[in-house]
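Here's the structure, in structure tokens; my notes come after.
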Amino acid sequence: MPRKSFAELIDSPGMPVLVDFFADWCGPCKTMAPILQQFAAQHQGKLRVIKIDVDKNPAVAQQYRVQSIPTLILFRQGQPVWRQAGAVPATELARAVGPFVAQ
């Protein structure tokens with residue numbers, strides 16, 4: 001199966017895509033990992049969560065001006081609609097992203 005481009009990954013018709021820009025060496029990113037896994041499980045079928053390693057994908061990180069990690073960006077039909085730099089508690093993530101998932 002060919003690898004999809006970032007544009008193909010975020011252009012998920014009818015389903016928002018939450019992108020986690022992270023790095024393996026980043027402590028707050030490790031804190032976010034289980035929160036994002038749980039969030040993805042709770043919204044299965046309504047939201048996709050993908051992880052982008054900024055060290056392996058610097059062009060994508062630069063394109064979206066990711067200057068600190070973790071940075072979360074929510075895309076709807078390929079367009080960024082919400083963004084947050086830094087780790088976020090599960091409750092705050094649900095409050096910020098929930099309305100986009102419900103649409």
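For the structure tokens, the naming scheme is as follows: chains receive sequential letters (A, B, ...) according to their order of presentation, residues are indexed from 1 within each chain, and ligands are indexed from 1 in presentation order.
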Q.
Which residues are close to A:Pro89, i.e. within 9 Å by only C-alpha atoms, leaving aside same-chain residues fewer than 5 positions away? Reply as an MDAnalysis selection string.
A. chainID A and resid 32 35 94
Determine, for each residue of stretch 9-31 of chain A having at least one atom at most 12 Å from an atom of stretch 95-101 of chain A, the closest pair of atoms and their separation in Å to one decimal, counting only C-alpha atoms; order by chain and ascending number, as a Markdown table.
| residue | atom | partner | partner_atom | distance |
| --- | --- | --- | --- | --- |
| A:Gly14 | CA | A:Val101 | CA | 9.7 |
| A:Met15 | CA | A:Val101 | CA | 7.6 |
| A:Pro16 | CA | A:Val101 | CA | 6.5 |
| A:Val17 | CA | A:Val101 | CA | 9.3 |
| A:Leu18 | CA | A:Val97 | CA | 8.6 |
| A:Val19 | CA | A:Val97 | CA | 11.8 |
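In terms of minimum interatomic distance to A:Leu72, A:Ala85 ranks closest within A:Phe6, A:Gly45, A:Ala85, A:Leu36, counting only C-alpha atoms.
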| message | Using Å and a single decimal, report how far atom CA of A:His43 sits from atom CA of A:Cys26. | response |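 These atoms are spaced 25.4 Å apart.
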**Asked** Using only C-alpha atoms, which of A:Val81, A:Val66, A:Ala87, A:Leu93 sits nearest A:Ala33?
**Response**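 Checking each candidate against A:Ala33, we get A:Ala87 as the closest.
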Using only C-alpha atoms, the residue out of A:Ala40, A:Cys29, A:Ala61, A:Leu74 with shortest distance to A:Val88 is A:Cys29
List the neighbours of A:Ile52 out to 7 Å using only C-alpha atoms; skip same-chain residues closer than 5 positions along the sequence, and give me the result as a PyMOL selection string.
chain A and resi 19-22+57
Could those selected residues go to a file with all heavy atoms, as a PDB file, in the first residue's frame?
ATOM      1  N   VAL A  19      -4.123  16.124  14.563  1.00  0.00           N
ATOM      2  CA  VAL A  19      -2.722  15.801  14.322  1.00  0.00           C
ATOM      3  C   VAL A  19      -1.906  16.181  15.551  1.00  0.00           C
ATOM      4  O   VAL A  19      -1.981  17.307  16.038  1.00  0.00           O
ATOM      5  CB  VAL A  19      -2.174  16.533  13.080  1.00  0.00           C
ATOM      6  CG1 VAL A  19      -0.712  16.181  12.847  1.00  0.00           C
ATOM      7  CG2 VAL A  19      -3.008  16.188  11.860  1.00  0.00           C
ATOM      8  N   ASP A  20      -1.143  15.216  16.030  1.00  0.00           N
ATOM      9  CA  ASP A  20      -0.241  15.413  17.169  1.00  0.00           C
ATOM     10  C   ASP A  20       1.174  15.527  16.617  1.00  0.00           C
ATOM     11  O   ASP A  20       1.734  14.549  16.134  1.00  0.00           O
ATOM     12  CB  ASP A  20      -0.358  14.214  18.121  1.00  0.00           C
ATOM     13  CG  ASP A  20       0.659  14.247  19.242  1.00  0.00           C
ATOM     14  OD1 ASP A  20       1.132  15.344  19.601  1.00  0.00           O
ATOM     15  OD2 ASP A  20       0.986  13.166  19.789  1.00  0.00           O
ATOM     16  N   PHE A  21       1.727  16.739  16.626  1.00  0.00           N
ATOM     17  CA  PHE A  21       3.127  16.940  16.240  1.00  0.00           C
ATOM     18  C   PHE A  21       3.967  16.679  17.484  1.00  0.00           C
ATOM     19  O   PHE A  21       3.803  17.370  18.492  1.00  0.00           O
ATOM     20  CB  PHE A  21       3.348  18.367  15.725  1.00  0.00           C
ATOM     21  CG  PHE A  21       2.720  18.626  14.389  1.00  0.00           C
ATOM     22  CD1 PHE A  21       1.432  19.131  14.295  1.00  0.00           C
ATOM     23  CD2 PHE A  21       3.415  18.372  13.216  1.00  0.00           C
ATOM     24  CE1 PHE A  21       0.844  19.379  13.058  1.00  0.00           C
ATOM     25  CE2 PHE A  21       2.839  18.617  11.969  1.00  0.00           C
ATOM     26  CZ  PHE A  21       1.558  19.120  11.895  1.00  0.00           C
ATOM     27  N   PHE A  22       4.849  15.679  17.418  1.00  0.00           N
ATOM     28  CA  PHE A  22       5.587  15.245  18.592  1.00  0.00           C
ATOM     29  C   PHE A  22       7.023  14.868  18.229  1.00  0.00           C
ATOM     30  O   PHE A  22       7.400  14.884  17.059  1.00  0.00           O
ATOM     31  CB  PHE A  22       4.890  14.019  19.219  1.00  0.00           C
ATOM     32  CG  PHE A  22       5.194  12.735  18.482  1.00  0.00           C
ATOM     33  CD1 PHE A  22       6.100  11.827  19.000  1.00  0.00           C
ATOM     34  CD2 PHE A  22       4.605  12.456  17.258  1.00  0.00           C
ATOM     35  CE1 PHE A  22       6.401  10.657  18.316  1.00  0.00           C
ATOM     36  CE2 PHE A  22       4.900  11.299  16.561  1.00  0.00           C
ATOM     37  CZ  PHE A  22       5.799  10.388  17.100  1.00  0.00           C
ATOM     38  N   ASN A  57       9.664  14.480   9.951  1.00  0.00           N
ATOM     39  CA  ASN A  57       8.844  15.228   8.986  1.00  0.00           C
ATOM     40  C   ASN A  57       8.997  16.738   9.190  1.00  0.00           C
ATOM     41  O   ASN A  57       8.009  17.433   9.424  1.00  0.00           O
ATOM     42  CB  ASN A  57       7.369  14.831   9.151  1.00  0.00           C
ATOM     43  CG  ASN A  57       7.148  13.361   8.925  1.00  0.00           C
ATOM     44  OD1 ASN A  57       7.110  12.896   7.805  1.00  0.00           O
ATOM     45  ND2 ASN A  57       7.016  12.616  10.015  1.00  0.00           N
TER      46      ASN A  57
END
note - atom CA of A:Arg83 and atom CA of A:Val60 are separated by 14.9 Å
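Each of A:Lys51, A:Thr91, A:Gln42, A:Pro13 was checked against A:Gly78 using only C-alpha atoms; the smallest atom-to-atom distance is that of A:Pro13.
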- Those in chain A with helix (DSSP H, G or I) from DSSP, as number ranges by chain: A: 6-10, 27-42, 58-63, 90-102
Write out, as a compact mmCIF listing (two decimals), in the first residue's frame, the residues just selected, with C-alpha atoms.
# COMPACT_ATOMS: atom_id res chain seq x y z
CA PHE A 6 0.14 14.58 4.71
CA ALA A 7 -2.48 16.41 2.61
CA GLU A 8 -4.24 13.09 1.91
CA LEU A 9 -4.15 12.17 5.61
CA ILE A 10 -5.77 15.40 6.80
CA GLY A 27 8.54 14.70 27.85
CA PRO A 28 5.21 16.55 27.46
CA CYS A 29 4.62 14.56 24.24
CA LYS A 30 4.90 11.34 26.24
CA THR A 31 2.35 12.77 28.68
CA MET A 32 -0.06 13.45 25.80
CA ALA A 33 0.24 9.99 24.21
CA PRO A 34 -2.18 8.10 26.52
CA ILE A 35 -4.58 11.07 26.57
CA LEU A 36 -4.72 11.06 22.77
CA GLN A 37 -5.08 7.27 22.62
CA GLN A 38 -8.05 7.42 24.97
CA PHE A 39 -9.55 10.38 23.10
CA ALA A 40 -9.22 8.52 19.78
CA ALA A 41 -10.88 5.43 21.27
CA GLN A 42 -13.77 7.49 22.66
CA PRO A 58 10.43 18.68 9.40
CA ALA A 59 8.85 20.08 6.21
CA VAL A 60 5.31 19.40 7.44
CA ALA A 61 6.11 20.85 10.88
CA GLN A 62 7.57 23.95 9.21
CA GLN A 63 4.59 24.28 6.83
CA ALA A 90 -8.16 15.27 28.61
CA THR A 91 -11.05 17.46 29.82
CA GLU A 92 -9.69 20.54 28.06
CA LEU A 93 -9.04 18.56 24.87
CA ALA A 94 -12.62 17.24 24.90
CA ARG A 95 -14.02 20.73 25.49
CA ALA A 96 -11.98 22.28 22.66
CA VAL A 97 -12.28 19.53 20.06
CA GLY A 98 -15.69 18.08 21.00
CA PRO A 99 -17.79 20.66 19.12
CA PHE A 100 -15.93 19.91 15.88
CA VAL A 101 -16.43 16.17 16.31
CA ALA A 102 -20.16 16.57 16.93
Per DSSP on the backbone, what are the strand (DSSP E) residues of chain A, as a PDB file with C-alpha atoms, in the first residue's frame?
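Okay, states_22.pdb is ready:
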ATOM      1  CA  VAL A  17      -8.409  14.765  11.851  1.00  0.00           C
ATOM      2  CA  LEU A  18      -6.460  15.641  15.001  1.00  0.00           C
ATOM      3  CA  VAL A  19      -2.722  15.801  14.322  1.00  0.00           C
ATOM      4  CA  ASP A  20      -0.241  15.413  17.169  1.00  0.00           C
ATOM      5  CA  PHE A  21       3.127  16.940  16.240  1.00  0.00           C
ATOM      6  CA  PHE A  22       5.587  15.245  18.592  1.00  0.00           C
ATOM      7  CA  ARG A  48      -9.010  10.353  13.298  1.00  0.00           C
ATOM      8  CA  VAL A  49      -5.913  10.982  15.389  1.00  0.00           C
ATOM      9  CA  ILE A  50      -2.550  10.847  13.650  1.00  0.00           C
ATOM     10  CA  LYS A  51       0.935  11.433  15.013  1.00  0.00           C
ATOM     11  CA  ILE A  52       3.617  13.313  13.087  1.00  0.00           C
ATOM     12  CA  ASP A  53       7.208  13.028  14.319  1.00  0.00           C
ATOM     13  CA  THR A  71       1.393  20.894  19.080  1.00  0.00           C
ATOM     14  CA  LEU A  72      -2.091  19.626  18.312  1.00  0.00           C
ATOM     15  CA  ILE A  73      -3.883  20.832  15.188  1.00  0.00           C
ATOM     16  CA  LEU A  74      -7.413  19.819  14.291  1.00  0.00           C
ATOM     17  CA  PHE A  75      -8.210  19.715  10.573  1.00  0.00           C
ATOM     18  CA  ARG A  76     -11.643  19.620   8.940  1.00  0.00           C
ATOM     19  CA  GLN A  79      -8.161  23.047   6.818  1.00  0.00           C
ATOM     20  CA  PRO A  80      -6.868  23.792  10.330  1.00  0.00           C
ATOM     21  CA  VAL A  81      -9.758  24.785  12.612  1.00  0.00           C
ATOM     22  CA  TRP A  82      -8.133  24.542  16.065  1.00  0.00           C
ATOM     23  CA  ARG A  83      -4.614  24.432  17.408  1.00  0.00           C
ATOM     24  CA  GLN A  84      -2.928  24.105  20.784  1.00  0.00           C
ATOM     25  CA  ALA A  85       0.742  24.113  21.709  1.00  0.00           C
TER      26      ALA A  85
END
- Mind pulling up the distance from atom CA of A:Trp25 to atom CA of A:Pro70?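 So the answer is 11.0 Å.
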